[in-house]
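Engineer: If it helps, the file is called model_8.pdb and holds PDB, C-alpha atoms:
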```pdb
MODEL        1
ATOM      1  CA  MET K   1    -107.415  -4.986-182.292
ATOM      2  CA  LYS K   2    -110.931  -5.138-183.754
ATOM      3  CA  ALA K   3    -113.497  -7.934-184.054
ATOM      4  CA  ILE K   4    -115.017  -8.396-187.501
ATOM      5  CA  ARG K   5    -118.258 -10.345-187.777
ATOM      6  CA  GLY K   6    -119.513 -12.379-190.695
ATOM      7  CA  ALA K   7    -121.616 -15.343-191.731
ATOM      8  CA  THR K   8    -122.469 -17.506-194.705
ATOM      9  CA  THR K   9    -124.614 -20.524-195.480
ATOM     10  CA  VAL K  10    -124.177 -23.765-197.394
ATOM     11  CA  ASP K  11    -126.788 -25.597-199.431
ATOM     12  CA  SER K  12    -126.041 -28.976-197.843
ATOM     13  CA  ASP K  13    -123.686 -30.628-195.381
ATOM     14  CA  ASN K  14    -121.042 -31.086-198.039
ATOM     15  CA  ALA K  15    -117.340 -30.849-197.187
ATOM     16  CA  GLU K  16    -116.335 -29.332-200.525
ATOM     17  CA  GLN K  17    -118.953 -26.574-200.351
ATOM     18  CA  ILE K  18    -118.039 -25.822-196.729
ATOM     19  CA  ARG K  19    -114.449 -25.322-197.894
ATOM     20  CA  GLU K  20    -115.567 -23.026-200.717
ATOM     21  CA  ARG K  21    -117.988 -20.932-198.659
ATOM     22  CA  VAL K  22    -115.609 -20.486-195.705
ATOM     23  CA  SER K  23    -112.787 -19.471-198.048
ATOM     24  CA  GLU K  24    -115.093 -17.060-199.857
ATOM     25  CA  LEU K  25    -116.295 -15.510-196.588
ATOM     26  CA  LEU K  26    -112.839 -15.068-195.054
ATOM     27  CA  ASN K  27    -111.355 -13.596-198.224
ATOM     28  CA  GLU K  28    -114.279 -11.214-198.601
ATOM     29  CA  ILE K  29    -113.796 -10.033-195.006
ATOM     30  CA  LYS K  30    -110.095  -9.633-195.711
ATOM     31  CA  ASN K  31    -110.706  -7.631-198.902
ATOM     32  CA  ARG K  32    -113.452  -5.356-197.563
ATOM     33  CA  ASN K  33    -111.367  -4.517-194.501
ATOM     34  CA  ALA K  34    -108.094  -4.170-196.446
ATOM     35  CA  ILE K  35    -106.163  -6.593-194.217
ATOM     36  CA  ASN K  36    -103.651  -9.371-194.793
ATOM     37  CA  CYS K  37    -103.622 -12.858-193.301
ATOM     38  CA  ASP K  38    -100.724 -11.761-191.054
ATOM     39  CA  ASP K  39    -102.973  -9.062-189.525
ATOM     40  CA  VAL K  40    -105.368 -11.734-188.228
ATOM     41  CA  GLU K  41    -104.733 -12.902-184.656
ATOM     42  CA  CYS K  42    -107.619 -15.314-184.137
ATOM     43  CA  ILE K  43    -110.694 -16.648-185.939
ATOM     44  CA  THR K  44    -113.571 -18.308-184.121
ATOM     45  CA  PHE K  45    -116.363 -20.178-185.905
ATOM     46  CA  SER K  46    -119.757 -21.410-184.822
ATOM     47  CA  SER K  47    -121.931 -23.522-187.083
ATOM     48  CA  THR K  48    -125.470 -24.804-186.786
ATOM     49  CA  ASP K  49    -125.936 -28.407-185.712
ATOM     50  CA  ASP K  50    -126.838 -29.529-189.261
ATOM     51  CA  ILE K  51    -123.218 -28.961-190.390
ATOM     52  CA  ARG K  52    -121.069 -31.928-189.341
ATOM     53  CA  SER K  53    -119.035 -33.161-192.300
ATOM     54  CA  PHE K  54    -116.171 -30.636-192.090
ATOM     55  CA  TYR K  55    -114.770 -28.205-189.517
ATOM     56  CA  PRO K  56    -114.880 -24.552-190.672
ATOM     57  CA  ALA K  57    -111.576 -23.993-188.836
ATOM     58  CA  LYS K  58    -109.908 -26.627-191.003
ATOM     59  CA  ALA K  59    -111.349 -24.917-194.075
ATOM     60  CA  ALA K  60    -109.791 -21.651-192.878
ATOM     61  CA  ARG K  61    -106.384 -23.269-192.556
ATOM     62  CA  GLU K  62    -106.704 -24.688-196.055
ATOM     63  CA  ALA K  63    -107.660 -21.195-197.284
ATOM     64  CA  GLY K  64    -104.258 -19.851-196.198
ATOM     65  CA  PHE K  65    -104.843 -18.566-192.678
ATOM     66  CA  PHE K  66    -101.771 -20.222-191.114
ATOM     67  CA  SER K  67    -100.481 -17.691-188.564
ATOM     68  CA  CYS K  68    -103.633 -17.190-186.482
ATOM     69  CA  ALA K  69    -105.369 -19.253-183.824
ATOM     70  CA  LEU K  70    -108.498 -21.059-185.018
ATOM     71  CA  PHE K  71    -111.490 -22.383-183.119
ATOM     72  CA  SER K  72    -114.732 -24.104-184.179
ATOM     73  CA  ALA K  73    -117.852 -24.766-182.116
ATOM     74  CA  MET K  74    -121.275 -26.197-182.815
ATOM     75  CA  GLU K  75    -124.282 -24.068-181.889
ATOM     76  CA  PRO K  76    -127.135 -25.564-179.870
ATOM     77  CA  LYS K  77    -130.260 -26.381-181.840
ATOM     78  CA  ILE K  78    -132.650 -23.428-181.702
ATOM     79  CA  SER K  79    -136.136 -23.632-183.151
ATOM     80  CA  GLY K  80    -136.687 -21.194-186.012
ATOM     81  CA  SER K  81    -133.000 -20.285-186.427
ATOM     82  CA  LEU K  82    -131.298 -20.054-189.811
ATOM     83  CA  LYS K  83    -130.287 -23.479-191.142
ATOM     84  CA  MET K  84    -126.900 -24.502-192.600
ATOM     85  CA  CYS K  85    -125.217 -21.378-191.243
ATOM     86  CA  ILE K  86    -121.561 -20.735-190.423
ATOM     87  CA  ARG K  87    -120.770 -17.663-188.332
ATOM     88  CA  VAL K  88    -117.336 -16.166-187.880
ATOM     89  CA  LEU K  89    -115.643 -13.680-185.564
ATOM     90  CA  MET K  90    -112.259 -12.546-186.859
ATOM     91  CA  PHE K  91    -109.905 -10.637-184.545
ATOM     92  CA  ALA K  92    -107.512  -8.499-186.577
ATOM     93  CA  ASP K  93    -104.992  -5.726-186.033
ATOM     94  CA  ILE K  94    -106.795  -2.836-187.745
ATOM     95  CA  GLU K  95    -107.528   0.756-186.743
ATOM     96  CA  LYS K  96    -110.583   1.665-188.823
ATOM     97  CA  LYS K  97    -114.165   0.630-188.190
ATOM     98  CA  PRO K  98    -114.691  -3.077-189.050
ATOM     99  CA  VAL K  99    -116.813  -3.930-192.091
ATOM    100  CA  PRO K 100    -118.930  -7.039-191.390
ATOM    101  CA  VAL K 101    -119.722  -9.455-194.236
ATOM    102  CA  TYR K 102    -122.852 -11.598-194.629
ATOM    103  CA  LEU K 103    -123.081 -13.817-197.701
ATOM    104  CA  HIS K 104    -125.629 -16.104-199.370
ATOM    105  CA  GLY K 105    -128.537 -17.065-197.095
ATOM    106  CA  ALA K 106    -126.892 -15.339-194.123
ATOM    107  CA  ALA K 107    -127.702 -11.986-195.724
ATOM    108  CA  VAL K 108    -131.099 -12.135-193.971
ATOM    109  CA  LEU K 109    -129.319 -11.828-190.621
ATOM    110  CA  ARG K 110    -128.196  -8.297-191.426
ATOM    111  CA  LYS K 111    -130.576  -6.691-193.893
ATOM    112  CA  ASP K 112    -129.199  -3.309-192.857
ATOM    113  CA  LEU K 113    -125.882  -4.328-194.430
ATOM    114  CA  THR K 114    -126.919  -6.501-197.348
ATOM    115  CA  GLN K 115    -129.906  -4.568-198.738
ATOM    116  CA  LYS K 116    -130.475  -0.950-199.643
ATOM    117  CA  ILE K 117    -132.540   0.556-196.853
ATOM    118  CA  ASN K 118    -134.163   3.961-196.570
ATOM    119  CA  ILE K 119    -135.025   5.480-193.205
ATOM    120  CA  ALA K 120    -137.396   8.458-193.118
ATOM    121  CA  ILE K 121    -137.264  10.816-190.141
ATOM    122  CA  ASP K 122    -139.858  13.599-190.300
ATOM    123  CA  GLY K 123    -140.785  16.269-187.827
ATOM    124  CA  PRO K 124    -141.159  20.004-187.192
ATOM    125  CA  ALA K 125    -138.356  22.557-186.995
ATOM    126  CA  GLY K 126    -135.984  22.151-184.048
ATOM    127  CA  SER K 127    -137.027  18.579-183.262
ATOM    128  CA  GLY K 128    -133.473  17.304-183.721
ATOM    129  CA  LYS K 129    -134.057  15.450-186.991
ATOM    130  CA  SER K 130    -130.678  16.325-188.511
ATOM    131  CA  THR K 131    -128.712  15.446-185.376
ATOM    132  CA  ILE K 132    -130.466  12.105-184.904
ATOM    133  CA  SER K 133    -130.239  11.259-188.611
ATOM    134  CA  LYS K 134    -126.473  11.743-188.567
ATOM    135  CA  ILE K 135    -126.109   9.512-185.487
ATOM    136  CA  ILE K 136    -128.251   6.730-186.973
ATOM    137  CA  ALA K 137    -126.473   6.939-190.326
ATOM    138  CA  LYS K 138    -123.100   6.688-188.618
ATOM    139  CA  LYS K 139    -124.179   3.691-186.544
ATOM    140  CA  LEU K 140    -125.422   1.868-189.648
ATOM    141  CA  ASP K 141    -122.563   3.143-191.813
ATOM    142  CA  ILE K 142    -124.916   4.561-194.465
ATOM    143  CA  LEU K 143    -125.409   8.015-195.973
ATOM    144  CA  CYS K 144    -127.363  10.788-194.272
ATOM    145  CA  LEU K 145    -129.223  13.045-196.706
ATOM    146  CA  ASP K 146    -130.130  16.398-195.161
ATOM    147  CA  THR K 147    -133.080  17.335-197.381
ATOM    148  CA  GLY K 148    -133.581  20.591-195.510
ATOM    149  CA  ALA K 149    -130.198  21.781-196.767
ATOM    150  CA  MET K 150    -131.449  21.337-200.323
ATOM    151  CA  TYR K 151    -134.440  23.609-199.741
ATOM    152  CA  ARG K 152    -132.229  26.103-197.963
ATOM    153  CA  ALA K 153    -130.014  26.191-201.048
ATOM    154  CA  CYS K 154    -133.092  26.901-203.183
ATOM    155  CA  ALA K 155    -133.977  29.794-200.895
ATOM    156  CA  LEU K 156    -130.417  31.125-201.047
ATOM    157  CA  LYS K 157    -130.495  30.987-204.842
ATOM    158  CA  CYS K 158    -133.711  32.996-204.974
ATOM    159  CA  ILE K 159    -132.355  35.587-202.562
ATOM    160  CA  LYS K 160    -129.155  35.937-204.574
ATOM    161  CA  GLU K 161    -131.237  36.432-207.722
ATOM    162  CA  GLY K 162    -133.328  39.091-205.975
ATOM    163  CA  VAL K 163    -136.495  36.998-206.217
ATOM    164  CA  ASP K 164    -139.240  37.023-203.578
ATOM    165  CA  CYS K 165    -139.408  33.468-202.180
ATOM    166  CA  ALA K 166    -143.186  33.817-201.808
ATOM    167  CA  ASP K 167    -143.671  34.636-205.505
ATOM    168  CA  GLU K 168    -144.092  31.209-207.086
ATOM    169  CA  GLU K 169    -144.269  32.608-210.611
ATOM    170  CA  SER K 170    -140.813  34.143-210.217
ATOM    171  CA  VAL K 171    -139.333  31.252-208.196
ATOM    172  CA  CYS K 172    -140.146  28.406-210.614
ATOM    173  CA  PRO K 173    -137.915  29.534-213.534
ATOM    174  CA  ILE K 174    -135.011  29.974-211.104
ATOM    175  CA  ILE K 175    -135.407  26.519-209.565
ATOM    176  CA  GLU K 176    -135.932  24.816-212.927
ATOM    177  CA  LYS K 177    -132.376  25.776-213.915
ATOM    178  CA  ILE K 178    -130.768  25.587-210.451
ATOM    179  CA  ASN K 179    -127.286  24.063-210.310
ATOM    180  CA  LEU K 180    -127.535  22.148-207.025
ATOM    181  CA  GLU K 181    -125.330  19.236-206.002
ATOM    182  CA  VAL K 182    -125.026  17.099-202.879
ATOM    183  CA  LYS K 183    -121.579  15.661-202.211
ATOM    184  CA  TYR K 184    -120.139  13.641-199.355
ATOM    185  CA  SER K 185    -116.682  14.028-197.865
ATOM    186  CA  ASP K 186    -115.698  11.668-195.025
ATOM    187  CA  GLY K 187    -119.367  10.905-194.523
ATOM    188  CA  VAL K 188    -120.332  14.595-194.167
ATOM    189  CA  GLN K 189    -122.833  16.150-196.575
ATOM    190  CA  HIS K 190    -121.832  19.298-198.414
ATOM    191  CA  THR K 191    -124.323  21.352-200.416
ATOM    192  CA  TYR K 192    -123.038  23.032-203.563
ATOM    193  CA  LEU K 193    -124.832  25.875-205.325
ATOM    194  CA  ASP K 194    -123.459  26.978-208.698
ATOM    195  CA  GLY K 195    -120.269  25.063-207.917
ATOM    196  CA  ASN K 196    -119.740  26.737-204.522
ATOM    197  CA  ASP K 197    -119.959  25.004-201.136
ATOM    198  CA  VAL K 198    -122.750  26.875-199.320
ATOM    199  CA  SER K 199    -123.095  24.425-196.409
ATOM    200  CA  SER K 200    -122.397  27.167-193.835
ATOM    201  CA  GLU K 201    -124.067  30.041-195.683
ATOM    202  CA  ILE K 202    -127.488  28.338-195.648
ATOM    203  CA  ARG K 203    -127.552  27.970-191.831
ATOM    204  CA  THR K 204    -128.918  31.400-190.920
ATOM    205  CA  PRO K 205    -132.366  32.247-189.460
ATOM    206  CA  GLU K 206    -133.114  34.288-192.601
ATOM    207  CA  ILE K 207    -132.446  31.346-194.903
ATOM    208  CA  SER K 208    -134.310  29.007-192.544
ATOM    209  CA  MET K 209    -137.525  31.026-192.829
ATOM    210  CA  ALA K 210    -137.060  31.579-196.556
ATOM    211  CA  ALA K 211    -136.615  27.821-197.047
ATOM    212  CA  SER K 212    -139.975  27.179-195.407
ATOM    213  CA  THR K 213    -141.556  29.692-197.790
ATOM    214  CA  VAL K 214    -139.908  28.498-200.982
ATOM    215  CA  SER K 215    -140.489  24.795-200.188
ATOM    216  CA  ALA K 216    -144.251  25.385-200.266
ATOM    217  CA  HIS K 217    -144.160  25.788-204.050
ATOM    218  CA  GLY K 218    -144.962  22.717-206.093
ATOM    219  CA  CYS K 219    -142.242  23.343-208.671
ATOM    220  CA  VAL K 220    -139.591  23.485-205.940
ATOM    221  CA  ARG K 221    -140.703  20.311-204.204
ATOM    222  CA  GLU K 222    -141.012  18.449-207.500
ATOM    223  CA  LYS K 223    -137.422  19.344-208.428
ATOM    224  CA  MET K 224    -135.975  18.462-205.018
ATOM    225  CA  VAL K 225    -138.007  15.270-204.576
ATOM    226  CA  GLU K 226    -136.746  14.051-207.949
ATOM    227  CA  LEU K 227    -133.152  14.471-206.775
ATOM    228  CA  GLN K 228    -133.849  12.973-203.338
ATOM    229  CA  ARG K 229    -135.486   9.872-204.779
ATOM    230  CA  LYS K 230    -132.565   9.371-207.141
ATOM    231  CA  ILE K 231    -130.081   9.454-204.265
ATOM    232  CA  ALA K 232    -132.226   7.122-202.136
ATOM    233  CA  ALA K 233    -132.627   4.630-204.994
ATOM    234  CA  GLU K 234    -128.867   4.366-205.422
ATOM    235  CA  ASN K 235    -127.832   4.335-201.744
ATOM    236  CA  SER K 236    -128.858   3.098-198.326
ATOM    237  CA  CYS K 237    -129.507   6.331-196.471
ATOM    238  CA  VAL K 238    -131.336   8.240-193.769
ATOM    239  CA  LEU K 239    -133.464  11.142-195.000
ATOM    240  CA  ASP K 240    -134.894  13.780-192.705
ATOM    241  CA  GLY K 241    -137.449  16.427-193.516
ATOM    242  CA  ARG K 242    -141.136  17.154-193.196
ATOM    243  CA  ASP K 243    -142.696  14.927-195.838
ATOM    244  CA  ILE K 244    -140.184  12.121-196.389
ATOM    245  CA  GLY K 245    -142.437   9.313-195.196
ATOM    246  CA  THR K 246    -145.615  10.730-196.745
ATOM    247  CA  ASN K 247    -144.402  12.104-200.067
ATOM    248  CA  VAL K 248    -140.723  11.669-200.930
ATOM    249  CA  LEU K 249    -140.360   8.000-199.965
ATOM    250  CA  PRO K 250    -143.840   6.692-199.107
ATOM    251  CA  ASN K 251    -142.529   3.124-199.442
ATOM    252  CA  ALA K 252    -139.533   3.593-197.128
ATOM    253  CA  GLN K 253    -139.065   0.521-194.917
ATOM    254  CA  TYR K 254    -138.573   2.536-191.742
ATOM    255  CA  LYS K 255    -140.390   5.737-190.781
ATOM    256  CA  PHE K 256    -140.187   7.921-187.690
ATOM    257  CA  PHE K 257    -141.865  11.188-186.698
ATOM    258  CA  LEU K 258    -139.692  13.110-184.265
ATOM    259  CA  THR K 259    -141.225  15.948-182.306
ATOM    260  CA  ALA K 260    -141.113  17.900-179.022
ATOM    261  CA  SER K 261    -143.007  20.796-177.480
ATOM    262  CA  ALA K 262    -142.561  24.185-179.172
ATOM    263  CA  GLU K 263    -140.845  25.582-176.066
ATOM    264  CA  ILE K 264    -138.316  22.743-175.933
ATOM    265  CA  ARG K 265    -137.568  23.013-179.647
ATOM    266  CA  ALA K 266    -137.180  26.790-179.420
ATOM    267  CA  LYS K 267    -134.808  26.386-176.458
ATOM    268  CA  ARG K 268    -132.632  23.989-178.466
ATOM    269  CA  ARG K 269    -132.606  26.277-181.497
ATOM    270  CA  HIS K 270    -131.846  29.312-179.298
ATOM    271  CA  GLU K 271    -128.845  27.546-177.757
ATOM    272  CA  GLU K 272    -127.554  26.632-181.227
ATOM    273  CA  ILE K 273    -127.772  30.253-182.380
ATOM    274  CA  LEU K 274    -126.018  31.548-179.255
ATOM    275  CA  ALA K 275    -123.290  28.919-179.658
ATOM    276  CA  SER K 276    -122.655  30.196-183.180
ATOM    277  CA  GLY K 277    -121.824  33.625-181.756
ATOM    278  CA  LYS K 278    -125.066  35.369-182.689
ATOM    279  CA  ASN K 279    -127.281  37.142-180.175
ATOM    280  CA  VAL K 280    -131.048  36.728-180.407
ATOM    281  CA  HIS K 281    -133.832  36.787-177.811
ATOM    282  CA  PHE K 282    -135.510  33.494-176.942
ATOM    283  CA  ASN K 283    -139.003  34.900-177.557
ATOM    284  CA  GLU K 284    -138.016  35.805-181.117
ATOM    285  CA  VAL K 285    -136.848  32.259-181.763
ATOM    286  CA  LEU K 286    -140.042  30.802-180.262
ATOM    287  CA  ALA K 287    -142.293  33.116-182.284
ATOM    288  CA  GLU K 288    -140.461  32.282-185.522
ATOM    289  CA  LEU K 289    -140.626  28.551-184.798
ATOM    290  CA  VAL K 290    -144.378  28.653-184.065
ATOM    291  CA  LYS K 291    -144.925  30.646-187.267
ATOM    292  CA  ARG K 292    -142.904  28.133-189.262
ATOM    293  CA  ASP K 293    -144.811  25.201-187.737
ATOM    294  CA  GLU K 294    -148.089  26.754-188.844
ATOM    295  CA  GLN K 295    -146.734  27.499-192.300
ATOM    296  CA  ASP K 296    -145.413  23.957-192.747
ATOM    297  CA  ARG K 297    -148.640  22.320-191.579
ATOM    298  CA  LYS K 298    -150.985  24.485-193.666
ATOM    299  CA  ARG K 299    -149.138  24.557-196.971
ATOM    300  CA  GLU K 300    -151.037  22.953-199.838
ATOM    301  CA  VAL K 301    -148.113  20.962-201.238
ATOM    302  CA  ALA K 302    -146.752  18.128-199.043
ATOM    303  CA  PRO K 303    -147.681  19.591-195.640
ATOM    304  CA  LEU K 304    -146.054  18.506-192.385
ATOM    305  CA  ILE K 305    -148.021  15.457-191.238
ATOM    306  CA  MET K 306    -147.096  12.161-189.660
ATOM    307  CA  ALA K 307    -147.192   9.099-191.933
ATOM    308  CA  LYS K 308    -149.732   6.505-190.775
ATOM    309  CA  ASP K 309    -147.045   3.822-190.510
ATOM    310  CA  ALA K 310    -144.446   6.032-188.784
ATOM    311  CA  VAL K 311    -143.245   5.557-185.216
ATOM    312  CA  LEU K 312    -143.914   8.646-183.090
ATOM    313  CA  VAL K 313    -140.969   9.802-180.974
ATOM    314  CA  ASP K 314    -141.588  12.670-178.539
ATOM    315  CA  SER K 315    -138.153  13.865-177.443
ATOM    316  CA  SER K 316    -139.378  16.564-175.045
ATOM    317  CA  ASN K 317    -137.968  14.686-172.048
ATOM    318  CA  MET K 318    -135.291  12.663-173.833
ATOM    319  CA  SER K 319    -131.621  13.321-174.454
ATOM    320  CA  VAL K 320    -130.120  13.016-177.916
ATOM    321  CA  GLU K 321    -128.508   9.727-176.885
ATOM    322  CA  GLU K 322    -131.833   8.352-175.591
ATOM    323  CA  VAL K 323    -133.633   9.257-178.821
ATOM    324  CA  ALA K 324    -130.917   7.641-180.942
ATOM    325  CA  GLU K 325    -130.967   4.481-178.818
ATOM    326  CA  TYR K 326    -134.761   4.267-179.017
ATOM    327  CA  ILE K 327    -134.797   4.615-182.812
ATOM    328  CA  GLU K 328    -131.931   2.150-183.194
ATOM    329  CA  ARG K 329    -133.811  -0.363-181.050
ATOM    330  CA  LYS K 330    -136.942   0.034-183.176
ATOM    331  CA  LEU K 331    -134.883  -0.436-186.330
ATOM    332  CA  GLN K 332    -133.336  -3.647-185.055
ATOM    333  CA  GLU K 333    -136.777  -4.968-184.123
ATOM    334  CA  LYS K 334    -137.869  -4.576-187.753
ATOM    335  CA  ILE K 335    -134.599  -5.614-189.342
TER     336      ILE K 335
ENDMDL
END
```
Go through the file and emit its structure as structure tokens.

Structural biologist:
Amino acid sequence: MKAIRGATTVDSDNAEQIRERVSELLNEIKNRNAINCDDVECITFSSTDDIRSFYPAKAAREAGFFSCALFSAMEPKISGSLKMCIRVLMFADIEKKPVPVYLHGAAVLRKDLTQKINIAIDGPAGSGKSTISKIIAKKLDILCLDTGAMYRACALKCIKEGVDCADEESVCPIIEKINLEVKYSDGVQHTYLDGNDVSSEIRTPEISMAASTVSAHGCVREKMVELQRKIAAENSCVLDGRDIGTNVLPNAQYKFFLTASAEIRAKRRHEEILASGKNVHFNEVLAELVKRDEQDRKREVAPLIMAKDAVLVDSSNMSVEEVAEYIERKLQEKI
């Protein structure tokens, strides 16, 4: 049993429009959640005190919801609240995650659902950007675009072609013709290079360092930013990287800069490498991370800097869950 939320508004306290809008809302909830009327156990309504001419519950019965229990209540008058609003809570026998529905003027109540939103999460290597981005994207039921994977794929392509990632003159022709695709399967991003899924192959320390080098070239960033902006324009998504809020999506509605001390970030990265079955000394990981930080901050093209309107999140003494909760709270404050 799951509870599915929704809301709609009417233009005036008119019985016929209340019937139409309630029917529209309930049927849209039913369609988006792939349920039948028989799957619904109970529907509860609350409406603002300026709606009095017709009970939403009666409208639901007229719309064909005969087998479930129905209940209507009037909300207390609250200064500044949305006018002419009907809210619904539908309890239905479904297994998958409920899809809430907000129609007409009620769309302002859940901008995260009714408008395309872009969330930028920037930060240095090992700060947990990818992990947090995936959690936030899952909570909001939107895409998570791992931009770092795209640069890693560029580095892999150069290495496969025998090209020095630091040689911009040799890199640019390769990247100009690169066959790079980002696909999603069950909400998980997969990176394809020349038609092959390289999602695992690009997660090595060698590729990580090479990606930092190759991403410093203007031709590489221009090509990848073009693709990233296209994806963001077509979808609500979370993007993580080093210059999302400053360069890729400077007009993103929500920006965060996630960081932690170098030692903490190196410890996290070291544990990840050990968990993958590879053996490397902590000091090597720390030295590589510090080197990459310097390289990312000093590069001429789109260096690692915090956007002026970003929210700083220092996760040095925070768990993954605490960071995710903090960012989610900040998002809801703005939404």

Engineer: Pull out every residue that the PyMOL selection byres ((chain K and resi 68-78) around 9) matches in the shown coordinates and put them as a ChimeraX atom specification.

Structural biologist: /K:37-52,55-58,60-61,65-67,79-82

Engineer: Which is closest to Asn36 in chain K among K:Ile94, K:Arg5, K:Lys83, K:Val238, if we use only C-alpha atoms?

Structural biologist: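 With only C-alpha atoms as the atom set, the closest residue is K:Ile94.
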
Engineer: Could you tell me how far CA of Glu288 in chain K sits from CA of Met209 in chain K, in Å to one decimal place?

Structural biologist: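 CA of Glu288 in chain K lies 8.0 Å from CA of Met209 in chain K.
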
Engineer: Between CA of Phe91 in chain K and CA of Glu24 in chain K, what is the distance, to one decimal in Å?

Structural biologist: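 So the answer is 17.4 Å.
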
Engineer: Quick one: distance from CA of Met90 in chain K to CA of Ala63 in chain K in Å, one decimal?

Structural biologist: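 About the pair CA of Met90 in chain K and CA of Ala63 in chain K: they are 14.3 Å apart.
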
Engineer: I need the residue set behind the PyMOL selection byres ((chain K and resi 290) around 12) for this file; please write it as an MDAnalysis selection string.

Structural biologist: chainID K and resid 124:126 209 261:266 283:289 291:297

Engineer: To box range 10-22 of chain K, take all atoms listed in the file, fit an axis-aligned box, add 3 Å on each side, and give centre and edge lengths in Å to one decimal, as AutoDock Vina command-line options.

Structural biologist:
```
--center_x -120.6 --center_y -25.8 --center_z -198.0 --size_x 18.3 --size_y 16.6 --size_z 11.3
```

Engineer: Which of these residues is nearest to Glu168 in chain K, using all atoms listed in the file: K:Ile4, K:Val248, K:Cys219, K:Leu25?

Structural biologist: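 For Glu168 in chain K, the nearest of the given residues is K:Cys219.
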
Engineer: Would you list the residues near (-123.2, 6.6, -195.6), meaning any protein, DNA or RNA residue with an atom at most 9 Å from that point in file coordinates, counting all atoms listed in the file, as a ChimeraX atom specification?

Structural biologist: /K:137-138,140-145,184,187-188,235-238

Engineer: Using only C-alpha atoms, can you tell me which of K:Glu321, K:Glu201, K:Glu328, K:Asp194 comes closest to Tyr254 in chain K?

Structural biologist: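 Between K:Glu321, K:Glu201, K:Glu328, K:Asp194, the residue approaching Tyr254 in chain K most closely is K:Glu328.
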
Engineer: Determine, for each residue of range 116-208 of chain K having at least one atom at most 7 Å from an atom of range 212-215 of chain K, the closest pair of atoms and their separation in Å to one decimal, counting all atoms listed in the file; order by chain and ascending number, as CSV.

Structural biologist:
```
residue,atom,partner,partner_atom,distance
K:Tyr151,CA,K:Ser215,CA,6.2
K:Ala155,CA,K:Val214,CA,6.1
K:Cys165,CA,K:Val214,CA,5.1
K:Ala166,CA,K:Thr213,CA,6.0
K:Ser208,CA,K:Ser212,CA,6.6
```
